[in-house]
$ cat model.cif   # mmCIF, C-alpha atoms
data_start
#
loop_
_atom_site.label_atom_id
_atom_site.label_comp_id
_atom_site.auth_asym_id
_atom_site.auth_seq_id
_atom_site.Cartn_x
_atom_site.Cartn_y
_atom_site.Cartn_z
CA MET A 22 -2.34 -2.70 6.93
CA ASN A 23 -1.19 -3.07 10.49
CA ALA A 24 -1.05 -6.81 11.07
CA THR A 25 -1.57 -6.28 14.78
CA THR A 26 -5.15 -5.16 14.49
CA LEU A 27 -8.38 -6.27 12.96
CA HIS A 28 -8.59 -4.53 9.65
CA PRO A 29 -11.37 -4.04 7.16
CA PHE A 30 -11.67 -6.87 4.70
CA GLU A 31 -8.55 -6.40 2.64
CA ASP A 32 -9.36 -8.38 -0.47
CA SER A 33 -11.23 -5.47 -2.03
CA GLN A 34 -10.02 -6.31 -5.54
CA PRO A 35 -9.87 -10.09 -5.62
CA THR A 36 -7.94 -12.06 -8.20
CA VAL A 37 -9.81 -14.41 -10.51
CA LEU A 38 -7.55 -17.04 -12.03
CA LEU A 39 -8.58 -18.46 -15.40
CA ILE A 40 -7.02 -21.82 -16.33
CA ASP A 41 -7.90 -22.55 -19.93
CA ASP A 42 -5.87 -23.54 -22.98
CA SER A 43 -8.03 -21.44 -25.30
CA VAL A 44 -6.65 -18.00 -26.05
CA ASP A 45 -10.16 -17.00 -27.07
CA VAL A 46 -11.59 -17.67 -23.65
CA HIS A 47 -8.84 -15.56 -22.09
CA ARG A 48 -9.53 -12.70 -24.48
CA LEU A 49 -13.29 -12.89 -24.04
CA LEU A 50 -13.20 -13.02 -20.27
CA LYS A 51 -10.73 -10.15 -20.14
CA ALA A 52 -13.16 -8.07 -22.21
CA ARG A 53 -16.29 -9.17 -20.38
CA LEU A 54 -14.89 -8.81 -16.88
CA ARG A 55 -13.15 -5.51 -17.67
CA TYR A 56 -15.49 -3.44 -15.55
CA GLU A 57 -15.74 -5.85 -12.65
CA ASP A 58 -13.83 -4.95 -9.51
CA LEU A 59 -11.32 -7.76 -9.86
CA LYS A 60 -7.93 -8.67 -11.23
CA LEU A 61 -7.86 -11.36 -13.87
CA ALA A 62 -4.88 -13.72 -13.93
CA GLY A 63 -4.44 -16.36 -16.59
CA ALA A 64 -2.80 -19.74 -17.11
CA SER A 65 -2.90 -21.68 -20.36
CA ASN A 66 -2.35 -25.16 -18.92
CA GLY A 67 -2.91 -27.14 -15.75
CA LYS A 68 0.66 -27.08 -14.47
CA GLU A 69 0.96 -23.32 -14.82
CA GLY A 70 -2.50 -22.95 -13.28
CA LEU A 71 -1.54 -24.93 -10.18
CA GLU A 72 1.56 -22.78 -9.72
CA GLN A 73 -0.42 -19.57 -10.04
CA ALA A 74 -3.11 -20.84 -7.67
CA ARG A 75 -0.42 -21.25 -5.03
CA THR A 76 1.35 -17.96 -5.63
CA ALA A 77 -1.39 -15.51 -6.67
CA SER A 78 -3.89 -16.46 -3.92
CA PRO A 79 -6.89 -16.11 -6.22
CA ALA A 80 -10.34 -15.56 -4.76
CA ILE A 81 -11.76 -17.97 -7.30
CA VAL A 82 -10.50 -20.21 -10.10
CA LEU A 83 -12.26 -20.60 -13.44
CA LEU A 84 -11.18 -23.97 -14.74
CA ASP A 85 -11.50 -25.56 -18.15
CA LEU A 86 -11.81 -29.35 -18.09
CA ASP A 87 -10.72 -30.21 -21.60
CA MET A 88 -7.03 -29.36 -21.69
CA PRO A 89 -4.07 -31.25 -23.11
CA ASP A 90 -1.44 -32.83 -20.82
CA MET A 91 -3.22 -32.34 -17.50
CA ASP A 92 -7.00 -32.19 -17.78
CA GLY A 93 -9.22 -30.04 -15.58
CA PHE A 94 -10.34 -32.94 -13.38
CA GLU A 95 -6.72 -33.61 -12.44
CA VAL A 96 -6.10 -29.90 -11.82
CA LEU A 97 -9.19 -29.76 -9.60
CA ARG A 98 -8.08 -32.87 -7.72
CA ARG A 99 -4.66 -31.37 -7.06
CA LEU A 100 -6.10 -28.00 -6.02
CA LYS A 101 -8.25 -29.76 -3.42
CA ASP A 102 -5.37 -31.97 -2.24
CA ASP A 103 -3.11 -29.00 -1.52
CA PRO A 104 -3.78 -27.23 1.81
CA ALA A 105 -2.60 -23.97 0.20
CA THR A 106 -5.31 -24.06 -2.48
CA LEU A 107 -7.94 -26.27 -0.87
CA ASP A 108 -10.29 -23.42 0.04
CA ILE A 109 -10.25 -21.59 -3.29
CA PRO A 110 -13.68 -21.90 -4.90
CA VAL A 111 -13.48 -23.42 -8.37
CA ILE A 112 -15.99 -22.75 -11.14
CA VAL A 113 -15.70 -25.26 -13.95
CA LEU A 114 -16.06 -23.99 -17.51
CA SER A 115 -16.48 -26.89 -19.84
CA GLY A 116 -17.79 -28.12 -23.11
CA LEU A 117 -18.33 -31.50 -21.46
CA GLN A 118 -22.04 -31.58 -20.84
CA SER A 119 -22.73 -35.06 -19.53
CA ALA A 120 -24.30 -35.46 -16.11
CA GLN A 121 -21.41 -37.71 -15.09
CA ASP A 122 -18.86 -34.99 -15.88
CA LYS A 123 -20.82 -32.54 -13.74
CA VAL A 124 -21.18 -35.02 -10.90
CA THR A 125 -17.44 -35.74 -11.01
CA ALA A 126 -16.57 -32.05 -10.96
CA PHE A 127 -18.84 -31.34 -7.98
CA ASP A 128 -17.61 -34.46 -6.18
CA LEU A 129 -14.06 -33.22 -6.61
CA GLY A 130 -15.00 -29.90 -5.00
CA ALA A 131 -16.17 -27.51 -7.73
CA VAL A 132 -18.68 -24.90 -6.53
CA ASP A 133 -20.26 -24.26 -9.92
CA TYR A 134 -20.30 -25.70 -13.44
CA ILE A 135 -20.84 -23.63 -16.55
CA THR A 136 -21.13 -25.34 -19.90
CA LYS A 137 -19.46 -23.97 -23.02
CA PRO A 138 -20.33 -22.20 -25.15
CA PHE A 139 -21.31 -20.01 -22.25
CA ASN A 140 -23.29 -16.85 -22.05
CA LEU A 141 -20.83 -14.22 -20.87
CA THR A 142 -23.43 -12.25 -18.95
CA GLU A 143 -24.39 -15.39 -17.06
CA LEU A 144 -20.73 -16.13 -16.41
CA ARG A 145 -20.26 -12.61 -15.05
CA VAL A 146 -23.09 -12.93 -12.53
CA ARG A 147 -21.91 -16.39 -11.49
CA VAL A 148 -18.43 -15.00 -10.89
CA ARG A 149 -19.95 -12.18 -8.82
CA SER A 150 -21.94 -14.70 -6.81
CA ALA A 151 -18.86 -16.85 -6.14
CA LEU A 152 -16.89 -13.77 -5.10
CA ARG A 153 -19.66 -12.73 -2.70
CA LEU A 154 -19.58 -16.16 -1.12
CA HIS A 155 -15.79 -16.09 -0.95
CA ARG A 156 -15.87 -12.72 0.86
CA LEU A 157 -18.42 -13.96 3.39
CA VAL A 158 -16.42 -17.11 4.10
CA GLN A 159 -13.25 -15.05 4.50
CA MET A 160 -14.97 -12.60 6.84
CA LEU A 161 -16.26 -15.45 8.98
CA ALA A 162 -12.85 -17.09 9.01
CA GLN A 163 -11.23 -13.81 9.99
CA ARG A 164 -13.75 -13.10 12.74
CA ALA A 165 -13.13 -16.54 14.18
CA GLN A 166 -9.52 -15.49 14.70
CA ILE A 167 -10.16 -12.18 16.45
CA ASP A 168 -10.16 -11.74 20.20
CA GLY A 169 -13.50 -10.17 21.09
CA LEU A 170 -12.26 -8.02 23.99
CA THR A 171 -9.12 -6.50 22.53
CA GLY A 172 -9.63 -6.74 18.77
CA LEU A 173 -6.22 -8.38 18.43
CA TRP A 174 -5.68 -11.69 16.70
CA ASN A 175 -6.44 -14.63 18.99
CA ARG A 176 -4.42 -17.69 19.89
CA ALA A 177 -5.73 -19.76 17.00
CA HIS A 178 -4.43 -17.15 14.57
CA PHE A 179 -1.14 -16.93 16.45
CA ASN A 180 -0.59 -20.69 16.27
CA LYS A 181 -0.96 -20.75 12.52
CA ARG A 182 0.80 -17.47 11.84
CA TRP A 183 3.73 -18.30 14.08
CA THR A 184 4.28 -21.65 12.40
CA ASP A 185 4.16 -19.93 8.99
CA GLU A 186 6.59 -17.20 10.06
CA VAL A 187 9.11 -19.67 11.52
CA SER A 188 8.89 -21.71 8.35
CA ALA A 189 9.43 -18.63 6.14
CA CYS A 190 12.28 -17.41 8.33
CA THR A 191 14.05 -20.77 8.07
CA ARG A 192 13.44 -21.04 4.36
CA HIS A 193 14.57 -17.54 3.44
CA HIS A 194 17.23 -17.12 6.16
CA ARG A 195 15.52 -14.02 7.51
CA PRO A 196 15.67 -12.74 11.08
CA LEU A 197 12.58 -13.18 13.23
CA SER A 198 11.78 -12.36 16.84
CA LEU A 199 8.99 -13.37 19.17
CA ALA A 200 7.92 -11.54 22.31
CA LEU A 201 5.71 -12.97 25.04
CA ILE A 202 4.15 -10.13 27.02
CA ASP A 203 2.56 -10.73 30.40
CA LEU A 204 0.90 -8.07 32.56
CA ASP A 205 2.45 -7.88 36.02
CA HIS A 206 0.21 -8.70 38.97
CA PHE A 207 -2.86 -8.62 36.77
CA LYS A 208 -4.89 -10.72 39.17
CA THR A 209 -4.58 -8.07 41.85
CA ILE A 210 -6.01 -5.46 39.47
CA ASN A 211 -9.05 -7.67 38.90
CA ASP A 212 -9.34 -8.48 42.59
CA THR A 213 -8.87 -4.91 43.77
CA TYR A 214 -10.72 -2.86 41.15
CA GLY A 215 -13.02 -5.41 39.58
CA HIS A 216 -13.12 -7.17 36.24
CA PRO A 217 -14.17 -4.09 34.21
CA ALA A 218 -10.96 -2.46 35.36
CA GLY A 219 -9.02 -5.57 34.36
CA ASP A 220 -10.70 -5.56 30.97
CA ALA A 221 -9.76 -1.91 30.51
CA VAL A 222 -6.13 -2.80 31.20
CA LEU A 223 -6.19 -5.59 28.64
CA GLN A 224 -7.68 -3.18 26.10
CA GLY A 225 -5.15 -0.54 27.07
CA LEU A 226 -2.23 -2.88 26.41
CA SER A 227 -3.74 -3.89 23.08
CA ARG A 228 -3.94 -0.19 22.10
CA VAL A 229 -0.29 0.22 23.06
CA LEU A 230 0.61 -2.74 20.86
CA GLN A 231 -1.31 -1.27 17.95
CA ARG A 232 0.35 2.11 18.40
CA GLU A 233 3.92 1.04 19.06
CA CYS A 234 4.24 -1.85 16.62
CA ARG A 235 5.40 -1.61 13.05
CA GLN A 236 3.18 -2.34 10.09
CA GLU A 237 4.45 -5.89 9.66
CA ASP A 238 4.34 -6.93 13.32
CA VAL A 239 1.62 -9.33 14.41
CA GLY A 240 0.15 -8.83 17.87
CA CYS A 241 -2.07 -11.50 19.40
CA ARG A 242 -3.84 -12.11 22.70
CA TYR A 243 -2.40 -15.45 23.66
CA GLY A 244 -4.75 -16.00 26.56
CA GLY A 245 -5.70 -14.28 29.83
CA GLU A 246 -3.27 -11.45 30.43
CA GLU A 247 -0.64 -12.88 28.09
CA PHE A 248 0.05 -11.45 24.64
CA THR A 249 2.42 -12.36 21.83
CA LEU A 250 4.14 -10.16 19.32
CA ILE A 251 5.63 -11.69 16.17
CA MET A 252 8.25 -9.42 14.61
CA PRO A 253 9.23 -10.63 11.13
CA ASP A 254 12.54 -9.48 9.61
CA THR A 255 13.61 -8.21 13.02
CA THR A 256 16.75 -9.13 14.94
CA PRO A 257 16.46 -9.63 18.71
CA THR A 258 18.36 -6.38 19.23
CA ASP A 259 15.89 -4.37 17.17
CA ALA A 260 12.96 -6.27 18.68
CA ALA A 261 14.20 -5.36 22.16
CA GLY A 262 13.88 -1.70 21.18
CA VAL A 263 10.24 -2.24 20.17
CA CYS A 264 9.58 -4.03 23.48
CA GLU A 265 11.17 -1.23 25.50
CA ARG A 266 8.87 1.25 23.76
CA ILE A 267 5.88 -0.91 24.66
CA LEU A 268 6.87 -1.03 28.33
CA ALA A 269 7.46 2.71 28.45
CA ALA A 270 4.13 3.47 26.77
CA LEU A 271 2.27 1.12 29.09
CA ALA A 272 3.88 2.59 32.19
CA SER A 273 2.94 6.13 31.13
CA ILE A 274 -0.80 5.41 30.94
CA SER A 275 -3.02 6.98 33.58
CA TRP A 276 -5.86 4.56 34.25
CA PRO A 277 -9.21 6.28 34.97
CA ARG A 278 -10.41 3.45 37.24
CA HIS A 279 -7.22 3.35 39.28
CA PRO A 280 -5.07 6.43 38.68
CA GLU A 281 -3.00 5.57 41.75
CA ARG A 282 -1.98 2.21 40.35
CA ALA A 283 0.40 2.01 37.40
CA VAL A 284 0.37 -1.06 35.20
CA THR A 285 3.51 -2.79 34.01
CA ALA A 286 4.35 -5.87 32.04
CA SER A 287 7.19 -8.31 31.65
CA ILE A 288 8.44 -9.38 28.26
CA GLY A 289 10.30 -12.49 27.22
CA LEU A 290 11.94 -12.12 23.85
CA ALA A 291 13.47 -14.88 21.77
CA GLY A 292 15.24 -14.80 18.46
CA PRO A 293 18.45 -15.93 16.82
CA ASP A 294 21.11 -13.62 15.42
CA VAL A 295 21.58 -16.15 12.66
CA THR A 296 18.98 -18.57 11.36
CA ALA A 297 18.63 -21.48 13.76
CA ASP A 298 17.07 -24.84 13.08
CA LEU A 299 14.37 -24.45 15.67
CA SER A 300 10.75 -25.56 15.57
CA ALA A 301 7.96 -23.08 16.25
CA ASP A 302 7.24 -24.81 19.58
CA GLN A 303 10.87 -24.80 20.65
CA TRP A 304 11.10 -21.12 19.82
CA LEU A 305 7.99 -20.42 21.85
CA ASP A 306 9.52 -22.33 24.76
CA GLU A 307 12.60 -20.11 24.54
CA ALA A 308 10.43 -16.99 24.74
CA ASP A 309 8.56 -18.50 27.67
CA ARG A 310 11.85 -19.11 29.50
CA ALA A 311 12.86 -15.51 28.84
CA LEU A 312 9.51 -14.33 30.21
CA TYR A 313 10.01 -16.44 33.30
CA ALA A 314 13.45 -14.87 33.74
CA ALA A 315 11.93 -11.39 33.40
CA LYS A 316 9.38 -12.20 36.10
CA GLN A 317 11.99 -13.73 38.39
CA SER A 318 14.37 -10.82 38.01
CA GLY A 319 11.90 -8.19 39.14
CA ARG A 320 9.22 -7.74 36.41
CA ASN A 321 8.64 -4.63 34.25
CA ARG A 322 11.52 -5.51 31.99
CA VAL A 323 12.54 -7.20 28.80
CA VAL A 324 14.69 -10.32 28.88
CA THR A 325 16.07 -11.44 25.56
CA ARG A 326 16.99 -15.04 25.00
CA LEU A 327 19.25 -15.46 22.03
CA ILE A 328 18.86 -18.94 20.70
CA GLY A 329 21.60 -21.10 22.18
CA GLN A 330 22.50 -18.70 24.98
CA VAL A 331 20.86 -16.47 27.54
CA THR A 332 21.68 -12.80 27.39
CA PRO A 333 19.54 -10.92 29.87
CA MET A 334 19.46 -7.56 28.19
CA ALA A 335 17.35 -6.64 31.16
CA LYS A 336 16.40 -3.14 31.95
CA ALA A 337 14.66 -2.39 35.19
CA GLY A 338 11.61 -0.23 34.81
CA MET B 22 -9.97 -31.71 -49.33
CA PRO B 23 -10.59 -29.82 -52.58
CA ARG B 24 -9.42 -26.22 -52.42
CA GLY B 25 -11.96 -23.48 -52.96
CA GLU B 26 -14.79 -25.19 -51.11
CA ASN B 27 -14.75 -22.52 -48.52
CA GLN B 28 -15.21 -19.67 -50.95
CA PRO B 29 -18.22 -17.54 -49.96
CA LYS B 30 -21.41 -18.67 -51.67
CA ALA B 31 -23.68 -16.23 -49.83
CA GLY B 32 -23.49 -12.83 -48.20
CA PRO B 33 -21.28 -11.95 -45.26
CA ILE B 34 -22.21 -12.91 -41.73
CA THR B 35 -21.49 -10.54 -38.89
CA SER B 36 -21.12 -10.94 -35.17
CA GLU B 37 -24.02 -10.48 -32.78
CA TYR B 38 -21.58 -8.30 -30.86
CA ALA B 39 -20.46 -6.15 -33.78
CA SER B 40 -21.97 -3.04 -32.21
CA ASP B 41 -20.86 -3.88 -28.67
CA PRO B 42 -18.03 -1.43 -27.90
CA ASP B 43 -16.48 -3.89 -25.44
CA MET B 44 -16.35 -6.58 -28.07
CA SER B 45 -15.85 -4.99 -31.46
CA GLU B 46 -12.07 -5.00 -31.24
CA LEU B 47 -12.04 -8.68 -30.27
CA VAL B 48 -14.51 -9.55 -33.01
CA ASP B 49 -12.25 -7.84 -35.53
CA LEU B 50 -9.31 -9.85 -34.22
CA PHE B 51 -11.27 -13.09 -34.47
CA VAL B 52 -12.29 -12.37 -38.06
CA THR B 53 -8.74 -11.35 -38.97
CA GLU B 54 -7.28 -14.52 -37.51
CA LEU B 55 -9.98 -16.77 -38.92
CA PRO B 56 -8.18 -17.63 -42.22
CA ALA B 57 -5.19 -18.92 -40.28
CA ARG B 58 -7.48 -21.06 -38.11
CA LEU B 59 -9.21 -22.45 -41.17
CA ALA B 60 -5.88 -23.23 -42.81
CA ALA B 61 -4.78 -25.09 -39.69
CA ILE B 62 -8.04 -27.07 -39.59
CA ARG B 63 -7.76 -27.92 -43.25
CA SER B 64 -4.15 -28.91 -42.84
CA ALA B 65 -4.87 -31.17 -39.84
CA HIS B 66 -7.73 -32.78 -41.75
CA ASP B 67 -5.68 -33.35 -44.88
CA ALA B 68 -2.80 -34.77 -42.83
CA GLY B 69 -5.16 -37.17 -41.07
CA ASN B 70 -4.17 -35.70 -37.71
CA GLY B 71 -7.38 -36.46 -35.85
CA GLY B 72 -6.21 -35.20 -32.47
CA ALA B 73 -5.13 -31.78 -33.69
CA PHE B 74 -8.17 -31.54 -35.95
CA ALA B 75 -10.58 -32.28 -33.11
CA ARG B 76 -8.92 -29.75 -30.84
CA LEU B 77 -8.92 -26.97 -33.44
CA VAL B 78 -12.57 -27.56 -34.29
CA HIS B 79 -13.46 -27.66 -30.61
CA GLN B 80 -11.71 -24.34 -30.05
CA LEU B 81 -13.44 -22.83 -33.06
CA LYS B 82 -16.81 -23.94 -31.71
CA SER B 83 -16.13 -22.21 -28.42
CA ALA B 84 -14.72 -19.12 -30.14
CA GLY B 85 -17.61 -18.89 -32.60
CA SER B 86 -20.06 -18.69 -29.77
CA GLY B 87 -17.93 -16.36 -27.67
CA TYR B 88 -17.39 -13.85 -30.47
CA GLY B 89 -21.03 -13.80 -31.47
CA PHE B 90 -21.08 -16.20 -34.43
CA PRO B 91 -23.48 -18.91 -33.24
CA GLY B 92 -23.75 -20.34 -36.77
CA ILE B 93 -20.03 -21.09 -36.77
CA ALA B 94 -20.38 -22.72 -33.35
CA GLU B 95 -23.23 -24.89 -34.66
CA ARG B 96 -21.29 -26.00 -37.74
CA ALA B 97 -18.24 -26.77 -35.63
CA ALA B 98 -20.44 -28.78 -33.27
CA ALA B 99 -21.74 -30.73 -36.28
CA VAL B 100 -18.15 -31.57 -37.24
CA GLU B 101 -17.46 -32.73 -33.67
CA ASP B 102 -20.59 -34.90 -33.71
CA GLY B 103 -19.59 -36.44 -37.02
CA LEU B 104 -16.06 -37.02 -35.81
CA ARG B 105 -17.31 -38.85 -32.75
CA SER B 106 -19.68 -41.08 -34.69
CA GLY B 107 -17.75 -41.75 -37.91
CA GLY B 108 -14.17 -40.59 -37.54
CA LEU B 109 -12.09 -38.16 -39.56
CA ALA B 110 -12.91 -39.61 -42.94
CA SER B 111 -16.64 -39.16 -42.43
CA VAL B 112 -16.77 -35.43 -41.80
CA GLN B 113 -15.76 -34.04 -45.19
CA ARG B 114 -19.15 -32.52 -45.87
CA GLN B 115 -19.47 -30.97 -42.41
CA VAL B 116 -15.97 -29.53 -42.67
CA SER B 117 -16.75 -28.00 -46.03
CA GLU B 118 -19.88 -26.39 -44.62
CA LEU B 119 -17.95 -25.08 -41.66
CA LEU B 120 -15.19 -23.60 -43.79
CA GLU B 121 -17.69 -22.11 -46.20
CA LEU B 122 -19.56 -20.38 -43.43
CA CYS B 123 -16.36 -19.15 -41.79
CA ALA B 124 -15.24 -17.65 -45.08
CA ARG B 125 -18.32 -15.42 -44.96
CA ALA B 126 -17.49 -14.02 -41.55
CA SER B 127 -17.07 -10.28 -41.65
CA THR B 128 -16.38 -7.48 -39.22
CA GLY B 129 -19.33 -5.63 -40.74
CA ARG B 130 -17.30 -2.52 -41.37
#

$ encode --input "model.cif" --output "structure tokens"
Amino acid sequence: MNATTLHPFEDSQPTVLLIDDSVDVHRLLKARLRYEDLKLAGASNGKEGLEQARTASPAIVLLDLDMPDMDGFEVLRRLKDDPATLDIPVIVLSGLQSAQDKVTAFDLGAVDYITKPFNLTELRVRVRSALRLHRLVQMLAQRAQIDGLTGLWNRAHFNKRWTDEVSACTRHHRPLSLALIDLDHFKTINDTYGHPAGDAVLQGLSRVLQRECRQEDVGCRYGGEEFTLIMPDTTPTDAAGVCERILAALASISWPRHPERAVTASIGLAGPDVTADLSADQWLDEADRALYAAKQSGRNRVVTRLIGQVTPMAKAG
Amino acid sequence: MPRGENQPKAGPITSEYASDPDMSELVDLFVTELPARLAAIRSAHDAGNGGAFARLVHQLKSAGSGYGFPGIAERAAAVEDGLRSGGLASVQRQVSELLELCARASTGR
């Protein structure tokens, strides 16, 4: 999957996590869900289930209520209290049949409640139904993060993704680079050739990003004629190479609406050689300063700002 | 609990899923493991360990239904009901009936 572009719904074989202390239930579900297009993960107690819910990103959780140590209500409460697992639909499987137990489970956020002993065919169709709903919700959530004109991720996605990437980079001491890309004199293209021509340029740059970026890079339309490119596991030196390729590819495009007018961009790049204790916002500010420097020093170039110092690895286009 | 109460007094009972190719292997496993389950239930009962006893019976109820032995599930449910209303000492008869029925469980092959 190229993280830069909108991709088909990727969760084609979702994971269903079963949290139940009964080995029989695990065996039975494994047999009964064998031919479903899903992966079945299992946990035999609440603590293990919570860990797996965080790490395995299940599409749904099947949760027993009557478990020793931590009961299912507590597991459900913790799943819904944790932002990482809050949105995972939970189907309760329980021998507790009182109305109050059901009310409590739904109040805590369960989407369905199946009483034991359960009919396995009924369970199978309820799982299918929950998975369908999960896919629809994910598709809607994904579409809400896509820029309609370019098909790139939008600013809302960038904000979340960037924060996550900075956090992961700090935690795992991995390199990370961020590029802010701004089309040069874009307003004059709109003013001279009209907005359809401007839109074509925005789409053209997005195609360049899709073509020139690596699989793990995340390209976003930040707003207007400004784009961002998150490059995980990439030092500023390597990221500068990617940015140079982008500028070269953009400059080589012949634009049908204005073949006489080339289009260029300026890029501000920020990243540390070693892990720096920098917030996502501070890092973004550094990239913005580098972009400003690129504009001030003549446009159509990459300026790299190493955290803590300014090294204008500028290259005139 | 007197030994030998769970000796079969009637013909074998087989799973509703005995001919289901997806389930037959699991049913065989359930039947094979059943004596160990019964021994554990009997042991918990004899030791007066109400918590372990209740859990084992509860699991057997769920398993009985899941593996296609609704009669076992019903008998286990009767033990649970008795346990709730009268405690461990009051369920001797229900336990005997449960163990007796379980002893008749067969793979059918």

$ interface_residues --input "model.cif" --of "chain A" --to "chain B" --cutoff "7 Å" --atoms "all atoms listed in the file" --output "VMD selection string"
chain A and resid 43 45 49 52 137 to 138

$ residues_around --input "model.cif" --residues "Ser111 of chain B" --least-positions-apart "4" --cutoff "12 Å" --atoms "only C-alpha atoms" --output "mmCIF file with C-alpha atoms, in the frame of the given file"
data_model
loop_
_atom_site.group_PDB
_atom_site.id
_atom_site.type_symbol
_atom_site.label_atom_id
_atom_site.label_comp_id
_atom_site.auth_asym_id
_atom_site.auth_seq_id
_atom_site.Cartn_x
_atom_site.Cartn_y
_atom_site.Cartn_z
ATOM 1 C CA HIS B 66 -7.730 -32.780 -41.750
ATOM 2 C CA GLY B 69 -5.160 -37.170 -41.070
ATOM 3 C CA GLY B 71 -7.380 -36.460 -35.850
ATOM 4 C CA ALA B 99 -21.740 -30.730 -36.280
ATOM 5 C CA VAL B 100 -18.150 -31.570 -37.240
ATOM 6 C CA GLU B 101 -17.460 -32.730 -33.670
ATOM 7 C CA ASP B 102 -20.590 -34.900 -33.710
ATOM 8 C CA GLY B 103 -19.590 -36.440 -37.020
ATOM 9 C CA LEU B 104 -16.060 -37.020 -35.810
ATOM 10 C CA ARG B 105 -17.310 -38.850 -32.750
ATOM 11 C CA SER B 106 -19.680 -41.080 -34.690
ATOM 12 C CA GLY B 107 -17.750 -41.750 -37.910
ATOM 13 C CA GLN B 115 -19.470 -30.970 -42.410
ATOM 14 C CA VAL B 116 -15.970 -29.530 -42.670
ATOM 15 C CA SER B 117 -16.750 -28.000 -46.030
#

$ residues_around --input "model.cif" --residues "Ala57 of chain B" --least-positions-apart "4" --cutoff "12 Å" --atoms "all atoms listed in the file" --output "ChimeraX atom specification"
/B:50-53,61-64,77,81,120,123-124

$ residues_around --input "model.cif" --residues "Pro110 of chain A" --least-positions-apart "5" --cutoff "9 Å" --atoms "only C-alpha atoms" --output "JSON, numbers by chain"
{"A": [80, 81, 82, 83, 130, 131, 132, 133, 151, 152, 155]}

$ atom_distance --input "model.cif" --atom1 "atom CA of Thr258 of chain A" --atom2 "atom CA of Leu290 of chain A"
9.8 Å
